[in-house]
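Student: What follows is the file final.pdb, containing PDB, C-alpha atoms:
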ATOM      1  CA  MET A 187      36.526 -95.184  -7.764  1.00  0.00           C
ATOM      2  CA  GLU A 188      37.417 -96.705 -10.960  1.00  0.00           C
ATOM      3  CA  ARG A 189      40.667 -98.474 -11.538  1.00  0.00           C
ATOM      4  CA  TRP A 190      42.693 -97.813 -14.463  1.00  0.00           C
ATOM      5  CA  HIS A 191      43.209-100.835 -16.566  1.00  0.00           C
ATOM      6  CA  GLY A 192      45.682 -99.295 -18.891  1.00  0.00           C
ATOM      7  CA  PRO A 193      45.372 -98.453 -22.479  1.00  0.00           C
ATOM      8  CA  PRO A 194      43.231-100.475 -24.827  1.00  0.00           C
ATOM      9  CA  SER A 195      44.831-103.545 -26.297  1.00  0.00           C
ATOM     10  CA  THR A 196      45.935-101.943 -29.569  1.00  0.00           C
ATOM     11  CA  GLU A 197      47.685 -99.292 -27.595  1.00  0.00           C
ATOM     12  CA  LYS A 198      49.247-102.017 -25.446  1.00  0.00           C
ATOM     13  CA  GLU A 199      50.522-103.737 -28.506  1.00  0.00           C
ATOM     14  CA  THR A 200      51.954-100.502 -29.852  1.00  0.00           C
ATOM     15  CA  ILE A 201      53.721 -99.797 -26.568  1.00  0.00           C
ATOM     16  CA  ARG A 202      54.914-103.410 -26.375  1.00  0.00           C
ATOM     17  CA  ALA A 203      56.287-103.101 -29.919  1.00  0.00           C
ATOM     18  CA  GLN A 204      58.052 -99.849 -29.018  1.00  0.00           C
ATOM     19  CA  LEU A 205      59.478-101.493 -25.888  1.00  0.00           C
ATOM     20  CA  LEU A 206      60.744-104.468 -27.881  1.00  0.00           C
ATOM     21  CA  SER A 207      62.249-102.103 -30.423  1.00  0.00           C
ATOM     22  CA  ALA A 208      63.984-100.127 -27.677  1.00  0.00           C
ATOM     23  CA  GLU A 209      65.294-103.353 -26.120  1.00  0.00           C
ATOM     24  CA  SER A 210      66.530-104.501 -29.519  1.00  0.00           C
ATOM     25  CA  GLN A 211      68.295-101.167 -30.085  1.00  0.00           C
ATOM     26  CA  LEU A 212      69.820-101.385 -26.590  1.00  0.00           C
ATOM     27  CA  ARG A 213      71.139-104.919 -27.315  1.00  0.00           C
ATOM     28  CA  GLY A 214      72.581-103.667 -30.621  1.00  0.00           C
ATOM     29  CA  LEU A 215      74.268-100.788 -28.835  1.00  0.00           C
ATOM     30  CA  LYS A 216      75.653-103.169 -26.177  1.00  0.00           C
ATOM     31  CA  GLU A 217      77.011-105.475 -28.895  1.00  0.00           C
ATOM     32  CA  ARG A 218      78.604-102.584 -30.776  1.00  0.00           C
ATOM     33  CA  SER A 219      80.032-101.270 -27.516  1.00  0.00           C
ATOM     34  CA  SER A 220      81.428-104.717 -26.749  1.00  0.00           C
ATOM     35  CA  VAL A 221      82.981-104.956 -30.230  1.00  0.00           C
ATOM     36  CA  GLN A 222      84.498-101.471 -29.862  1.00  0.00           C
ATOM     37  CA  LYS A 223      85.794-102.403 -26.390  1.00  0.00           C
ATOM     38  CA  ARG A 224      87.528-105.501 -27.840  1.00  0.00           C
ATOM     39  CA  LYS A 225      89.008-103.411 -30.661  1.00  0.00           C
ATOM     40  CA  ILE A 226      90.272-100.855 -28.133  1.00  0.00           C
ATOM     41  CA  GLU A 227      91.821-103.622 -26.032  1.00  0.00           C
ATOM     42  CA  GLU A 228      93.468-105.101 -29.137  1.00  0.00           C
ATOM     43  CA  LEU A 229      94.826-101.691 -30.135  1.00  0.00           C
ATOM     44  CA  GLU A 230      96.116-101.083 -26.597  1.00  0.00           C
ATOM     45  CA  ALA A 231      97.848-104.493 -26.637  1.00  0.00           C
ATOM     46  CA  ARG A 232      99.370-103.743 -30.056  1.00  0.00           C
ATOM     47  CA  LEU A 233     100.499-100.300 -28.897  1.00  0.00           C
ATOM     48  CA  ALA A 234     102.024-101.785 -25.742  1.00  0.00           C
ATOM     49  CA  SER A 235     103.894-104.298 -27.914  1.00  0.00           C
ATOM     50  CA  GLU A 236     105.087-101.557 -30.281  1.00  0.00           C
ATOM     51  CA  LEU A 237     106.144 -99.411 -27.323  1.00  0.00           C
ATOM     52  CA  ALA A 238     108.128-102.288 -25.817  1.00  0.00           C
ATOM     53  CA  LYS A 239     109.779-102.915 -29.202  1.00  0.00           C
ATOM     54  CA  ALA A 240     110.596 -99.203 -29.598  1.00  0.00           C
ATOM     55  CA  LYS A 241     112.108 -99.106 -26.099  1.00  0.00           C
ATOM     56  CA  SER A 242     114.160-102.204 -26.881  1.00  0.00           C
ATOM     57  CA  ASP A 243     115.333-100.688 -30.169  1.00  0.00           C
ATOM     58  CA  ALA A 244     116.234 -97.451 -28.381  1.00  0.00           C
ATOM     59  CA  GLU A 245     118.224 -99.362 -25.753  1.00  0.00           C
ATOM     60  CA  LYS A 246     120.070-101.281 -28.479  1.00  0.00           C
ATOM     61  CA  ALA A 247     120.791 -98.056 -30.356  1.00  0.00           C
ATOM     62  CA  LYS A 248     122.087 -96.437 -27.164  1.00  0.00           C
ATOM     63  CA  ALA A 249     124.294 -99.447 -26.437  1.00  0.00           C
ATOM     64  CA  ASN A 250     125.647 -99.336 -30.010  1.00  0.00           C
ATOM     65  CA  THR A 251     126.246 -95.604 -29.741  1.00  0.00           C
ATOM     66  CA  ASP A 252     128.005 -96.005 -26.399  1.00  0.00           C
ATOM     67  CA  ALA A 253     130.203 -98.738 -27.884  1.00  0.00           C
ATOM     68  CA  PHE A 254     130.938 -96.556 -30.926  1.00  0.00           C
ATOM     69  CA  VAL A 255     131.849 -93.626 -28.701  1.00  0.00           C
ATOM     70  CA  ALA A 256     134.015 -95.851 -26.503  1.00  0.00           C
ATOM     71  CA  VAL A 257     135.901 -97.082 -29.567  1.00  0.00           C
ATOM     72  CA  TYR A 258     136.381 -93.721 -31.279  1.00  0.00           C
ATOM     73  CA  ARG A 259     136.705 -91.318 -28.322  1.00  0.00           C
ATOM     74  CA  PRO A 260     140.384 -92.197 -27.719  1.00  0.00           C
ATOM     75  CA  ASP A 261     141.061 -91.637 -31.428  1.00  0.00           C
ATOM     76  CA  ALA A 262     139.310 -88.273 -31.328  1.00  0.00           C
ATOM     77  CA  GLU A 263     141.171 -87.267 -28.182  1.00  0.00           C
ATOM     78  CA  ALA A 264     144.472 -88.373 -29.713  1.00  0.00           C
ATOM     79  CA  ALA A 265     143.665 -86.348 -32.836  1.00  0.00           C
ATOM     80  CA  GLN A 266     143.002 -83.305 -30.653  1.00  0.00           C
ATOM     81  CA  VAL A 267     146.338 -83.790 -28.898  1.00  0.00           C
ATOM     82  CA  GLN A 268     148.095 -84.127 -32.251  1.00  0.00           C
ATOM     83  CA  ALA A 269     146.374 -80.989 -33.511  1.00  0.00           C
ATOM     84  CA  ARG A 270     147.482 -79.056 -30.413  1.00  0.00           C
ATOM     85  CA  GLU A 271     151.040 -80.373 -30.814  1.00  0.00           C
ATOM     86  CA  ALA A 272     151.036 -79.438 -34.510  1.00  0.00           C
ATOM     87  CA  ASP A 273     149.778 -75.976 -33.600  1.00  0.00           C
ATOM     88  CA  GLU A 274     152.507 -75.602 -30.977  1.00  0.00           C
ATOM     89  CA  THR A 275     155.113 -76.811 -33.477  1.00  0.00           C
ATOM     90  CA  ALA A 276     153.861 -74.334 -36.072  1.00  0.00           C
ATOM     91  CA  ASN A 277     153.935 -71.507 -33.530  1.00  0.00           C
ATOM     92  CA  THR A 278     157.462 -72.477 -32.463  1.00  0.00           C
ATOM     93  CA  ARG A 279     158.610 -72.669 -36.079  1.00  0.00           C
ATOM     94  CA  ALA A 280     157.033 -69.276 -36.822  1.00  0.00           C
ATOM     95  CA  HIS A 281     158.883 -67.825 -33.827  1.00  0.00           C
ATOM     96  CA  TRP A 282     162.218 -69.151 -35.080  1.00  0.00           C
ATOM     97  CA  VAL A 283     161.562 -67.974 -38.630  1.00  0.00           C
ATOM     98  CA  ALA A 284     161.005 -64.487 -37.218  1.00  0.00           C
ATOM     99  CA  GLU A 285     164.179 -64.824 -35.138  1.00  0.00           C
ATOM    100  CA  LEU A 286     166.095 -65.902 -38.256  1.00  0.00           C
ATOM    101  CA  ALA A 287     164.891 -62.807 -40.083  1.00  0.00           C
ATOM    102  CA  LYS A 288     166.037 -60.609 -37.182  1.00  0.00           C
ATOM    103  CA  CYS A 289     169.444 -62.320 -37.042  1.00  0.00           C
ATOM    104  CA  ARG A 290     169.978 -61.965 -40.789  1.00  0.00           C
ATOM    105  CA  SER A 291     168.979 -58.348 -40.678  1.00  0.00           C
ATOM    106  CA  ARG A 292     171.373 -57.699 -37.760  1.00  0.00           C
ATOM    107  CA  ARG A 293     174.247 -59.508 -39.489  1.00  0.00           C
ATOM    108  CA  GLU A 294     173.634 -57.654 -42.735  1.00  0.00           C
ATOM    109  CA  THR A 295     173.584 -54.352 -40.857  1.00  0.00           C
ATOM    110  CA  LEU A 296     176.871 -55.245 -39.126  1.00  0.00           C
ATOM    111  CA  GLU A 297     178.415 -56.210 -42.484  1.00  0.00           C
ATOM    112  CA  GLU A 298     177.337 -52.888 -43.977  1.00  0.00           C
ATOM    113  CA  ILE A 299     178.906 -51.032 -41.052  1.00  0.00           C
ATOM    114  CA  HIS A 300     182.057 -53.194 -41.411  1.00  0.00           C
ATOM    115  CA  ALA A 301     182.174 -52.386 -45.103  1.00  0.00           C
ATOM    116  CA  ARG A 302     182.396 -48.696 -44.162  1.00  0.00           C
ATOM    117  CA  GLY A 303     185.642 -49.336 -42.364  1.00  0.00           C
ATOM    118  CA  PHE A 304     184.647 -50.349 -38.841  1.00  0.00           C
ATOM    119  CA  ASP A 305     186.140 -53.568 -37.410  1.00  0.00           C
ATOM    120  CA  LEU A 306     183.065 -55.622 -36.502  1.00  0.00           C
ATOM    121  CA  THR A 307     184.519 -59.018 -37.449  1.00  0.00           C
ATOM    122  CA  GLU A 308     183.774 -60.584 -34.046  1.00  0.00           C
ATOM    123  CA  GLU A 309     180.227 -59.200 -33.916  1.00  0.00           C
ATOM    124  CA  ILE A 310     179.558 -60.408 -37.466  1.00  0.00           C
ATOM    125  CA  LYS A 311     180.875 -63.875 -36.519  1.00  0.00           C
ATOM    126  CA  LYS A 312     178.544 -64.021 -33.478  1.00  0.00           C
ATOM    127  CA  ALA A 313     175.629 -62.737 -35.539  1.00  0.00           C
ATOM    128  CA  LYS A 314     176.316 -65.421 -38.174  1.00  0.00           C
ATOM    129  CA  GLU A 315     176.342 -68.106 -35.441  1.00  0.00           C
ATOM    130  CA  LEU A 316     173.024 -66.822 -34.087  1.00  0.00           C
ATOM    131  CA  GLU A 317     171.632 -66.766 -37.611  1.00  0.00           C
ATOM    132  CA  ASP A 318     172.767 -70.375 -38.205  1.00  0.00           C
ATOM    133  CA  ASP A 319     171.154 -71.479 -34.935  1.00  0.00           C
ATOM    134  CA  ALA A 320     167.895 -69.695 -35.778  1.00  0.00           C
ATOM    135  CA  GLU A 321     167.940 -71.154 -39.284  1.00  0.00           C
ATOM    136  CA  ALA A 322     168.355 -74.670 -37.886  1.00  0.00           C
ATOM    137  CA  LEU A 323     165.495 -74.105 -35.458  1.00  0.00           C
ATOM    138  CA  ALA A 324     163.270 -72.653 -38.172  1.00  0.00           C
ATOM    139  CA  SER A 325     163.891 -75.443 -40.678  1.00  0.00           C
ATOM    140  CA  ASP A 326     161.182 -77.970 -41.516  1.00  0.00           C
ATOM    141  CA  ASP A 327     163.690 -80.828 -41.370  1.00  0.00           C
ATOM    142  CA  ASP A 328     163.650 -81.131 -37.596  1.00  0.00           C
ATOM    143  CA  ASP A 329     160.566 -80.825 -35.393  1.00  0.00           C
ATOM    144  CA  ASP A 330     162.556 -80.758 -32.146  1.00  0.00           C
ATOM    145  CA  GLY A 331     164.648 -77.613 -32.130  1.00  0.00           C
ATOM    146  CA  SER A 332     165.792 -78.208 -28.561  1.00  0.00           C
ATOM    147  CA  LYS A 333     168.994 -79.982 -29.645  1.00  0.00           C
ATOM    148  CA  TYR A 334     170.215 -76.817 -31.346  1.00  0.00           C
ATOM    149  CA  GLY A 335     171.802 -74.238 -29.156  1.00  0.00           C
ATOM    150  CA  SER A 336     173.675 -71.078 -29.758  1.00  0.00           C
ATOM    151  CA  LYS A 337     177.372 -71.725 -30.319  1.00  0.00           C
ATOM    152  CA  SER A 338     178.189 -68.484 -28.611  1.00  0.00           C
ATOM    153  CA  GLY A 339     176.136 -69.387 -25.538  1.00  0.00           C
ATOM    154  CA  GLU A 340     173.639 -66.591 -26.175  1.00  0.00           C
ATOM    155  CA  GLU A 341     169.938 -66.842 -26.900  1.00  0.00           C
ATOM    156  CA  PRO A 342     169.164 -66.297 -30.604  1.00  0.00           C
ATOM    157  CA  ASP A 343     166.999 -63.316 -29.703  1.00  0.00           C
ATOM    158  CA  GLY A 344     169.607 -61.783 -27.378  1.00  0.00           C
ATOM    159  CA  GLU A 345     170.582 -58.338 -28.531  1.00  0.00           C
ATOM    160  CA  GLU A 346     174.226 -57.450 -28.625  1.00  0.00           C
ATOM    161  CA  THR A 347     175.327 -54.100 -29.827  1.00  0.00           C
ATOM    162  CA  ALA A 348     178.655 -53.484 -31.460  1.00  0.00           C
ATOM    163  CA  PRO A 349     181.064 -51.909 -28.971  1.00  0.00           C
ATOM    164  CA  GLU A 350     182.087 -48.382 -29.790  1.00  0.00           C
ATOM    165  CA  ASP A 351     185.753 -49.233 -28.974  1.00  0.00           C
ATOM    166  CA  ASN A 352     186.132 -51.492 -32.048  1.00  0.00           C
ATOM    167  CA  GLN A 353     185.540 -48.742 -34.580  1.00  0.00           C
ATOM    168  CA  GLU A 354     188.321 -48.006 -37.047  1.00  0.00           C
ATOM    169  CA  THR A 355     188.805 -44.499 -38.194  1.00  0.00           C
TER     170      THR A 355
END
Kindly present the structure from the file in structure tokens form.

Tutor:
Amino acid sequence: MERWHGPPSTEKETIRAQLLSAESQLRGLKERSSVQKRKIEELEARLASELAKAKSDAEKAKANTDAFVAVYRPDAEAAQVQAREADETANTRAHWVAELAKCRSRRETLEEIHARGFDLTEEIKKAKELEDDAEALASDDDDDGSKYGSKSGEEPDGEETAPEDNQET
């Protein structure tokens, strides 16, 4: 049996050249891979640094926002309370303006009836007092209408009808 001695020497040289070329290409690929690996590591380090900075900036912004809110929240809450109080005052004033209109209308009606010969002097006097009280409560000059009361002891919206006994014929 004959042993194989391999390819002839020119073939050996060709294969050896191909092998060296492949090894050279492999080294080049390893070097490029190593360079890319270092670049990736550098980018990861830079990204980690940027992320840490962004987190720090976010924490500072949150702290500033919390401080801002802590400073201005009481002012905002106070403004809301003032707005509610102003709304209540406006509603109260509107109520008393309506009451004033009712009192005036009632007094004027009583005066018209009196002008036709009926004695409603006392009712007109009480109606005028109620009208004065309602006018004071409806005025813009005083926000606290609680100090005004009806001089006759009646509520301004209390209805009193003229007694039939006081009519003059």

Student: What does the distance between CA of Asp261 (chain A) and CA of Ala249 (chain A) come to in Å, to one decimal place?

Tutor: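 So the answer is 19.2 Å.
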
Student: Counting only C-alpha atoms, which of A:Leu233, A:Ser242, A:Leu323, A:Glu309 gets nearest to Ala276 (chain A)?

Tutor: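 Counting only C-alpha atoms, the residue closest to Ala276 (chain A) is A:Leu323.
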
Student: Between CA of Asp252 (chain A) and CA of Leu237 (chain A), what is the distance in Å, rounded to a tenth?

Tutor: 22.1 Å

Student: With the file shown as input, list the residues that the PyMOL selection byres ((chain A and resi 288-297) around 10) selects, as a count of residues only.

Tutor: 36

Student: Just need the box for region 301-307 of chain A, edges along x, y and z, holding every atom the file lists for it with 5 Å tacked onto each side, so centre and edge lengths in Å to one decimal, as JSON.

Tutor:
{"center_x": 184.2, "center_y": -53.9, "center_z": -40.8, "size_x": 14.0, "size_y": 20.3, "size_z": 18.6}
